[in-house]
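Beneath this line is the structure, given in structure tokens, with notes to follow.
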Amino acid sequence: RQTRQTRQTRQTRQTRHRKKHIDPASCALALTSKLTRTMSPHHLMQLCRGALNEAPSRCLAKLMLNGGSSSRSISLETAVGLCRTAETDGPTECVAAAISKKRQPTSRNGLKLTKRLDPTNPLLLDLCSGAIDAGPADCYRALPILTSVDEITGIEMCQNAKDIGPAICATHFLSTSSLKSSVKKIELASVLRDLCGQARNDGPSQCFEKAVLKNEVRTTAKSALLLCSGADGTAPADCAGALLSRSKKSRAFAVDIDLVVSVCRFAKSATSDNDDPNRNDDRIENEDDGNQDWMNPAQCVWSCPSHLPSSVIADLCRGATSPGPGECASAGARIASLALDVNIIRRQEREKKEGKKKEKRKKAGGVLHLGS
């Protein structure tokens, strides 16, 4: 079994690193005479330069000839821009979904949803260029109408989306009044874009909600944004809550928020990787033993020797799947030669901090004004 998995992994790496064969000729030859009569040499070069196969030509034909009256109102310039990076029929599927007049759900969680894009809207190019399927358009159409956020933010949130995950994340955020009020000092558009842009569900919003509103965590909105971006659930906030609450109770376990964010932002719940084909079978068997995966980074931090610099603890425990790295560091600290290395690291950390302070003073002017 291990041999087969190793072989499959090697083949996957070889495929990933294999140089793609450029074939502009097949792209140009696949164009119909009806299309070439309407195209300038400039359009032809734009479309087929860098093409891997005839997909850009097939994409253009579907948009300009076979896409129905709505699709045909797309300008040739926009169509070429949409299709020139096509490797599949994804851009045409995306465009069809974005401009479709078919009846869609009009609301979710009490919020009105975004309407179709007009075929002449230049943002269509930003949304669907490079799409592999209709995911970006489905995401955009599922977004709540962003009354306080411009249309461009919605497009940016859904670019490269595989499904409506970013829209579900944004809907949860915007339908929770306490969340919106928590980001008054930050531009709402920026928060939604950074928090929900790569979301697969409403996990980032739930994590953010727990991080800024629950008593055991109570981070600032900026820290919560760094902590929860890309989260599948509340695991990062749970990890942060465990570290911060213990820090308040005991000075021996005191931690700063930068360390908490760095260590906990990749924490996962026990169920978030159930479908991972490479997951260790022993973990699956022991899943009901009471162990909570999001606690592993926190336990790693608690196991580290207290004199270690925060940056070292962060590097050791970021993404930890057990307390092991911290326990190893604690054992190593009792060895004289390794303890010396730790002292060197601490000195380097102090030098870095002093260097940053000097840079700040220089930027601020660095001149002392003496009273006359």
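Letters A, B, ... mark the chains of the structure tokens in the order given; residue numbers begin at 1 per chain; ligand numbers begin at 1, in order shown.
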
Using DSSP secondary structure from the backbone, list all helix (DSSP H, G or I) positions within segment 73-142 of chain A, as a PyMOL selection string. chain A and resi 76-83+90-99+123-128+135-142

Spatial neighbours of segment 75-92 of chain A, max dist 6 Å, only C-alpha atoms, sep filter under 4 positions, as an NGL selection string: :A and (47 or 55-56 or 59 or 125 or 128-133)

Suppose we keep all heavy atoms; can you now write the selection as a JSON list (two decimals), in the first residue's frame?
```
[["chain", "number", "residue", "atom", "x", "y", "z"],
["A", 47, "LEU", "N", -5.71, 36.27, -28.69],
["A", 47, "LEU", "CA", -6.45, 35.06, -28.33],
["A", 47, "LEU", "C", -5.53, 33.85, -28.23],
["A", 47, "LEU", "O", -5.64, 33.07, -27.27],
["A", 47, "LEU", "CB", -7.55, 34.80, -29.36],
["A", 47, "LEU", "CG", -8.42, 33.55, -29.10],
["A", 47, "LEU", "CD1", -9.32, 33.79, -27.89],
["A", 47, "LEU", "CD2", -9.26, 33.22, -30.33],
["A", 55, "ALA", "N", -8.79, 25.37, -26.93],
["A", 55, "ALA", "CA", -9.81, 25.83, -25.98],
["A", 55, "ALA", "C", -10.16, 27.31, -26.13],
["A", 55, "ALA", "O", -11.34, 27.67, -26.09],
["A", 55, "ALA", "CB", -9.37, 25.53, -24.55],
["A", 56, "PRO", "N", -9.18, 28.24, -26.32],
["A", 56, "PRO", "CA", -9.57, 29.65, -26.50],
["A", 56, "PRO", "C", -10.48, 29.87, -27.70],
["A", 56, "PRO", "O", -11.43, 30.66, -27.62],
["A", 56, "PRO", "CB", -8.21, 30.35, -26.69],
["A", 56, "PRO", "CG", -7.24, 29.49, -25.97],
["A", 56, "PRO", "CD", -7.72, 28.08, -26.23],
["A", 59, "CYS", "N", -13.91, 28.52, -26.89],
["A", 59, "CYS", "CA", -14.55, 29.46, -25.95],
["A", 59, "CYS", "C", -15.11, 30.67, -26.70],
["A", 59, "CYS", "O", -16.26, 31.07, -26.49],
["A", 59, "CYS", "CB", -13.51, 29.90, -24.92],
["A", 59, "CYS", "SG", -13.98, 31.33, -23.89],
["A", 125, "LEU", "N", -15.49, 40.47, -17.36],
["A", 125, "LEU", "CA", -14.14, 40.00, -17.69],
["A", 125, "LEU", "C", -13.36, 39.66, -16.43],
["A", 125, "LEU", "O", -12.69, 38.62, -16.36],
["A", 125, "LEU", "CB", -13.41, 41.07, -18.50],
["A", 125, "LEU", "CG", -11.95, 40.80, -18.88],
["A", 125, "LEU", "CD1", -11.84, 39.55, -19.73],
["A", 125, "LEU", "CD2", -11.36, 41.99, -19.64],
["A", 128, "CYS", "N", -14.96, 36.27, -14.78],
["A", 128, "CYS", "CA", -14.93, 34.96, -15.44],
["A", 128, "CYS", "C", -13.63, 34.62, -16.15],
["A", 128, "CYS", "O", -13.46, 33.49, -16.62],
["A", 128, "CYS", "CB", -16.09, 34.87, -16.45],
["A", 128, "CYS", "SG", -17.72, 34.82, -15.65],
["A", 129, "SER", "N", -12.72, 35.56, -16.29],
["A", 129, "SER", "CA", -11.45, 35.26, -16.95],
["A", 129, "SER", "C", -10.68, 34.22, -16.14],
["A", 129, "SER", "O", -10.45, 34.38, -14.95],
["A", 129, "SER", "CB", -10.61, 36.54, -17.08],
["A", 129, "SER", "OG", -9.38, 36.26, -17.71],
["A", 130, "GLY", "N", -10.31, 33.13, -16.80],
["A", 130, "GLY", "CA", -9.57, 32.06, -16.13],
["A", 130, "GLY", "C", -10.42, 31.09, -15.35],
["A", 130, "GLY", "O", -9.90, 30.17, -14.71],
["A", 131, "ALA", "N", -11.76, 31.25, -15.40],
["A", 131, "ALA", "CA", -12.65, 30.35, -14.66],
["A", 131, "ALA", "C", -12.55, 28.93, -15.21],
["A", 131, "ALA", "O", -12.40, 28.72, -16.41],
["A", 131, "ALA", "CB", -14.09, 30.85, -14.74],
["A", 132, "ILE", "N", -12.68, 27.93, -14.33],
["A", 132, "ILE", "CA", -12.67, 26.54, -14.78],
["A", 132, "ILE", "C", -14.08, 25.97, -14.84],
["A", 132, "ILE", "O", -14.30, 24.89, -15.38],
["A", 132, "ILE", "CB", -11.79, 25.66, -13.86],
["A", 132, "ILE", "CG1", -12.28, 25.74, -12.41],
["A", 132, "ILE", "CG2", -10.34, 26.09, -13.96],
["A", 132, "ILE", "CD1", -11.57, 24.78, -11.49],
["A", 133, "ASP", "N", -15.04, 26.72, -14.30],
["A", 133, "ASP", "CA", -16.45, 26.32, -14.37],
["A", 133, "ASP", "C", -17.30, 27.54, -14.01],
["A", 133, "ASP", "O", -16.80, 28.67, -14.01],
["A", 133, "ASP", "CB", -16.74, 25.14, -13.43],
["A", 133, "ASP", "CG", -16.29, 25.40, -12.00],
["A", 133, "ASP", "OD1", -16.26, 26.57, -11.58],
["A", 133, "ASP", "OD2", -15.97, 24.43, -11.29]]
```

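Here the DSSP assignment of strand (DSSP E), based on backbone atoms, applies within segment 42-150 of chain A to Ser107, Arg108, Leu111 and Lys112 of chain A.
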
Got time to write the residues from that selection, C-alpha atoms, as a PDB file, in the first residue's frame?
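Below is the file that was written, part.pdb:
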```pdb
ATOM      1  CA  SER A 107     -33.019  36.322  -0.781  1.00  0.00           C
ATOM      2  CA  ARG A 108     -31.125  34.370   1.869  1.00  0.00           C
ATOM      3  CA  LEU A 111     -30.954  39.613   2.671  1.00  0.00           C
ATOM      4  CA  LYS A 112     -31.662  40.327  -0.999  1.00  0.00           C
TER       5      LYS A 112
END
```

Top pick for closest residue to Gly233 of chain A, considering A:Cys169, A:Leu179, A:Val212, A:Ala137 and counting only C-alpha atoms: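 Nearest candidate to Gly233 of chain A out of A:Cys169, A:Leu179, A:Val212, A:Ala137: A:Cys169.
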
Long-range neighbours of Trp294 of chain A as a list in words, 7 Å cut-off, only C-alpha atoms, 2 positions minimum in chain: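 Surrounding residues, per the criterion: Ala235, Pro236, Asp238, Cys239, Ala267, Lys268, Ser269, Gln292, Asn296 and Pro297 of chain A.
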
Can you tell me which residues surround segment 185-189 of chain A at a distance of at most 12 Å, considering only C-alpha atoms, apart from same-chain residues fewer than 5 positions away, and format the answer as a compact mmCIF listing (two decimals) with C-alpha atoms, in the first residue's frame?
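Output file result-v5.txt is given in full below:
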```txt
# COMPACT_ATOMS: atom_id res chain seq x y z
CA LEU A 146 -23.82 44.82 -0.68
CA THR A 147 -25.40 48.17 0.11
CA SER A 148 -22.29 49.44 1.85
CA VAL A 149 -19.81 47.68 -0.44
CA ASP A 150 -19.20 48.41 -4.09
CA GLU A 151 -19.77 45.94 -6.91
CA ILE A 152 -16.04 45.47 -7.46
CA THR A 153 -15.65 43.97 -3.98
CA GLY A 154 -18.24 41.33 -4.83
CA ILE A 155 -16.32 40.45 -7.99
CA GLU A 156 -13.03 40.26 -6.08
CA MET A 157 -14.57 37.99 -3.45
CA ALA A 170 -20.54 37.04 3.52
CA PHE A 173 -21.41 38.15 8.39
CA LEU A 174 -23.86 40.71 7.00
CA LEU A 179 -20.48 41.51 13.56
CA LYS A 180 -21.02 44.52 11.33
CA ASP A 194 -10.03 39.29 3.24
CA LEU A 195 -12.23 37.12 5.46
CA CYS A 196 -14.50 35.45 2.90
CA GLY A 197 -12.53 35.58 -0.36
CA THR A 220 -9.71 43.09 18.17
CA ALA A 221 -11.32 42.94 14.73
CA LYS A 222 -7.89 43.20 13.05
CA SER A 223 -6.51 40.25 15.02
CA LEU A 225 -9.33 38.89 10.66
```

By how many Å are atom CA of Met39 of chain A and atom CA of Gly135 of chain A apart? 29.3 Å

Find the residues near segment 304-318 of chain A: any atom within 10 Å, counting only C-alpha atoms, skip ones fewer than 6 places away on the same chain, and give them as a PDB file with N, CA and C atoms, in the first residue's frame.
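New file part_33.pdb:
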```pdb
ATOM      1  N   ALA A 252       2.751  32.394  34.215  1.00  0.00           N
ATOM      2  CA  ALA A 252       3.683  31.403  33.678  1.00  0.00           C
ATOM      3  C   ALA A 252       3.320  31.038  32.232  1.00  0.00           C
ATOM      4  N   PHE A 253       2.050  31.242  31.868  1.00  0.00           N
ATOM      5  CA  PHE A 253       1.594  30.905  30.523  1.00  0.00           C
ATOM      6  C   PHE A 253       1.188  32.156  29.736  1.00  0.00           C
ATOM      7  N   ALA A 254       1.774  33.307  30.118  1.00  0.00           N
ATOM      8  CA  ALA A 254       1.424  34.565  29.443  1.00  0.00           C
ATOM      9  C   ALA A 254       1.865  34.537  27.985  1.00  0.00           C
ATOM     10  N   VAL A 255       0.967  34.973  27.111  1.00  0.00           N
ATOM     11  CA  VAL A 255       1.257  35.031  25.671  1.00  0.00           C
ATOM     12  C   VAL A 255       0.715  36.347  25.119  1.00  0.00           C
ATOM     13  N   ASP A 256       1.343  36.836  24.037  1.00  0.00           N
ATOM     14  CA  ASP A 256       0.823  38.044  23.400  1.00  0.00           C
ATOM     15  C   ASP A 256      -0.046  37.647  22.214  1.00  0.00           C
ATOM     16  N   ASP A 258      -0.024  38.468  19.086  1.00  0.00           N
ATOM     17  CA  ASP A 258       0.661  38.123  17.835  1.00  0.00           C
ATOM     18  C   ASP A 258       1.052  36.648  17.809  1.00  0.00           C
ATOM     19  N   LEU A 259       1.534  36.132  18.944  1.00  0.00           N
ATOM     20  CA  LEU A 259       1.878  34.714  19.040  1.00  0.00           C
ATOM     21  C   LEU A 259       0.632  33.855  18.904  1.00  0.00           C
ATOM     22  N   VAL A 260      -0.451  34.264  19.565  1.00  0.00           N
ATOM     23  CA  VAL A 260      -1.711  33.506  19.510  1.00  0.00           C
ATOM     24  C   VAL A 260      -2.210  33.393  18.081  1.00  0.00           C
ATOM     25  N   VAL A 261      -2.216  34.507  17.364  1.00  0.00           N
ATOM     26  CA  VAL A 261      -2.697  34.503  15.977  1.00  0.00           C
ATOM     27  C   VAL A 261      -1.814  33.621  15.099  1.00  0.00           C
ATOM     28  N   SER A 262      -0.509  33.768  15.270  1.00  0.00           N
ATOM     29  CA  SER A 262       0.434  33.011  14.452  1.00  0.00           C
ATOM     30  C   SER A 262       0.287  31.511  14.657  1.00  0.00           C
ATOM     31  N   VAL A 263       0.090  31.085  15.910  1.00  0.00           N
ATOM     32  CA  VAL A 263       0.012  29.658  16.228  1.00  0.00           C
ATOM     33  C   VAL A 263      -1.363  29.076  15.896  1.00  0.00           C
ATOM     34  N   CYS A 264      -2.413  29.839  16.159  1.00  0.00           N
ATOM     35  CA  CYS A 264      -3.770  29.272  16.078  1.00  0.00           C
ATOM     36  C   CYS A 264      -4.460  29.421  14.725  1.00  0.00           C
ATOM     37  N   ARG A 265      -3.945  30.263  13.835  1.00  0.00           N
ATOM     38  CA  ARG A 265      -4.689  30.542  12.602  1.00  0.00           C
ATOM     39  C   ARG A 265      -4.845  29.313  11.713  1.00  0.00           C
ATOM     40  N   PHE A 266      -3.986  28.300  11.888  1.00  0.00           N
ATOM     41  CA  PHE A 266      -4.091  27.091  11.075  1.00  0.00           C
ATOM     42  C   PHE A 266      -4.688  25.917  11.851  1.00  0.00           C
ATOM     43  N   ALA A 267      -5.211  26.189  13.043  1.00  0.00           N
ATOM     44  CA  ALA A 267      -5.808  25.117  13.843  1.00  0.00           C
ATOM     45  C   ALA A 267      -7.035  24.553  13.141  1.00  0.00           C
ATOM     46  N   ASN A 296      -4.177  21.123  19.947  1.00  0.00           N
ATOM     47  CA  ASN A 296      -2.788  20.710  19.757  1.00  0.00           C
ATOM     48  C   ASN A 296      -1.811  21.878  19.695  1.00  0.00           C
ATOM     49  N   PRO A 297      -2.079  22.932  18.886  1.00  0.00           N
ATOM     50  CA  PRO A 297      -1.140  24.069  18.889  1.00  0.00           C
ATOM     51  C   PRO A 297      -1.024  24.728  20.267  1.00  0.00           C
ATOM     52  N   ALA A 298      -2.150  24.837  20.984  1.00  0.00           N
ATOM     53  CA  ALA A 298      -2.122  25.446  22.316  1.00  0.00           C
ATOM     54  C   ALA A 298      -1.294  24.594  23.280  1.00  0.00           C
ATOM     55  N   GLY A 324       4.102  17.584  20.823  1.00  0.00           N
ATOM     56  CA  GLY A 324       5.453  17.081  20.607  1.00  0.00           C
ATOM     57  C   GLY A 324       6.533  18.113  20.386  1.00  0.00           C
ATOM     58  N   PRO A 325       6.375  19.080  19.454  1.00  0.00           N
ATOM     59  CA  PRO A 325       7.442  20.055  19.225  1.00  0.00           C
ATOM     60  C   PRO A 325       7.812  20.841  20.483  1.00  0.00           C
ATOM     61  N   GLY A 326       6.787  21.221  21.262  1.00  0.00           N
ATOM     62  CA  GLY A 326       7.058  21.948  22.501  1.00  0.00           C
ATOM     63  C   GLY A 326       7.764  21.083  23.524  1.00  0.00           C
ATOM     64  N   GLU A 327       7.351  19.820  23.636  1.00  0.00           N
ATOM     65  CA  GLU A 327       7.987  18.905  24.576  1.00  0.00           C
ATOM     66  C   GLU A 327       9.440  18.650  24.190  1.00  0.00           C
ATOM     67  N   CYS A 328       9.681  18.537  22.882  1.00  0.00           N
ATOM     68  CA  CYS A 328      11.042  18.343  22.390  1.00  0.00           C
ATOM     69  C   CYS A 328      11.917  19.548  22.753  1.00  0.00           C
ATOM     70  N   ALA A 329      11.374  20.762  22.539  1.00  0.00           N
ATOM     71  CA  ALA A 329      12.124  21.978  22.859  1.00  0.00           C
ATOM     72  C   ALA A 329      12.414  22.059  24.354  1.00  0.00           C
ATOM     73  N   SER A 330      11.443  21.631  25.163  1.00  0.00           N
ATOM     74  CA  SER A 330      11.621  21.671  26.611  1.00  0.00           C
ATOM     75  C   SER A 330      12.731  20.719  27.047  1.00  0.00           C
ATOM     76  N   ALA A 331      12.765  19.533  26.425  1.00  0.00           N
ATOM     77  CA  ALA A 331      13.824  18.569  26.744  1.00  0.00           C
ATOM     78  C   ALA A 331      15.179  19.092  26.267  1.00  0.00           C
ATOM     79  N   GLY A 332      15.198  19.701  25.084  1.00  0.00           N
ATOM     80  CA  GLY A 332      16.444  20.225  24.532  1.00  0.00           C
ATOM     81  C   GLY A 332      17.008  21.367  25.337  1.00  0.00           C
ATOM     82  N   ALA A 333      16.128  22.141  25.978  1.00  0.00           N
ATOM     83  CA  ALA A 333      16.595  23.298  26.759  1.00  0.00           C
ATOM     84  C   ALA A 333      17.441  22.880  27.953  1.00  0.00           C
ATOM     85  N   ARG A 334      17.324  21.599  28.351  1.00  0.00           N
ATOM     86  CA  ARG A 334      18.106  21.106  29.493  1.00  0.00           C
ATOM     87  C   ARG A 334      19.507  20.642  29.077  1.00  0.00           C
ATOM     88  N   ALA A 339      20.962  25.001  24.963  1.00  0.00           N
ATOM     89  CA  ALA A 339      20.587  26.197  25.727  1.00  0.00           C
ATOM     90  C   ALA A 339      21.367  27.401  25.233  1.00  0.00           C
ATOM     91  N   VAL A 342      19.767  28.787  22.218  1.00  0.00           N
ATOM     92  CA  VAL A 342      18.578  29.570  22.569  1.00  0.00           C
ATOM     93  C   VAL A 342      18.978  30.986  22.963  1.00  0.00           C
ATOM     94  N   ASN A 343      20.056  31.102  23.713  1.00  0.00           N
ATOM     95  CA  ASN A 343      20.528  32.433  24.118  1.00  0.00           C
ATOM     96  C   ASN A 343      20.919  33.269  22.903  1.00  0.00           C
ATOM     97  N   ILE A 345      19.632  32.973  19.935  1.00  0.00           N
ATOM     98  CA  ILE A 345      18.366  33.359  19.290  1.00  0.00           C
ATOM     99  C   ILE A 345      17.741  34.540  20.013  1.00  0.00           C
ATOM    100  N   ARG A 346      17.771  34.497  21.344  1.00  0.00           N
ATOM    101  CA  ARG A 346      17.176  35.589  22.120  1.00  0.00           C
ATOM    102  C   ARG A 346      17.917  36.908  21.855  1.00  0.00           C
ATOM    103  N   ARG A 347      19.256  36.826  21.740  1.00  0.00           N
ATOM    104  CA  ARG A 347      20.025  38.025  21.451  1.00  0.00           C
ATOM    105  C   ARG A 347      19.674  38.579  20.072  1.00  0.00           C
ATOM    106  N   GLN A 348      19.519  37.677  19.102  1.00  0.00           N
ATOM    107  CA  GLN A 348      19.139  38.103  17.758  1.00  0.00           C
ATOM    108  C   GLN A 348      17.768  38.772  17.761  1.00  0.00           C
ATOM    109  N   GLU A 349      16.851  38.230  18.567  1.00  0.00           N
ATOM    110  CA  GLU A 349      15.516  38.830  18.676  1.00  0.00           C
ATOM    111  C   GLU A 349      15.602  40.246  19.238  1.00  0.00           C
ATOM    112  N   ARG A 350      16.435  40.437  20.271  1.00  0.00           N
ATOM    113  CA  ARG A 350      16.585  41.780  20.854  1.00  0.00           C
ATOM    114  C   ARG A 350      17.170  42.752  19.834  1.00  0.00           C
TER     115      ARG A 350
END
```

Selected residue, from A:Glu359, A:Val301, A:Ile335, A:Ser182, that lies nearest to Gly319 of chain A when counting only C-alpha atoms: A:Val301

Which one of A:Cys139, A:Ala211, A:Val95, A:Ala242 sits closest to Thr114 of chain A if you count only C-alpha atoms? A:Cys139

Excluding Asp138 of chain A and residues on its chain fewer than 5 positions from it, collect all residues at most 10 Å away from it, counting only C-alpha atoms, and give them as a list in words.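 Residues meeting the cut-off are Cys94, Ala97, Ala98, Asp133, Leu143, Cys158, Ala161, Lys162, Asp163, Ile164, Gly165 and Ala167 of chain A.
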
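When atom CA of Asn201 of chain A is paired with atom CA of Thr321 of chain A, their separation reads 23.3 Å.
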
Figure out the distance between atom CA of Val217 of chain A and atom CA of Lys249 of chain A, please, to one decimal in Å.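 The value is 13.4 Å.
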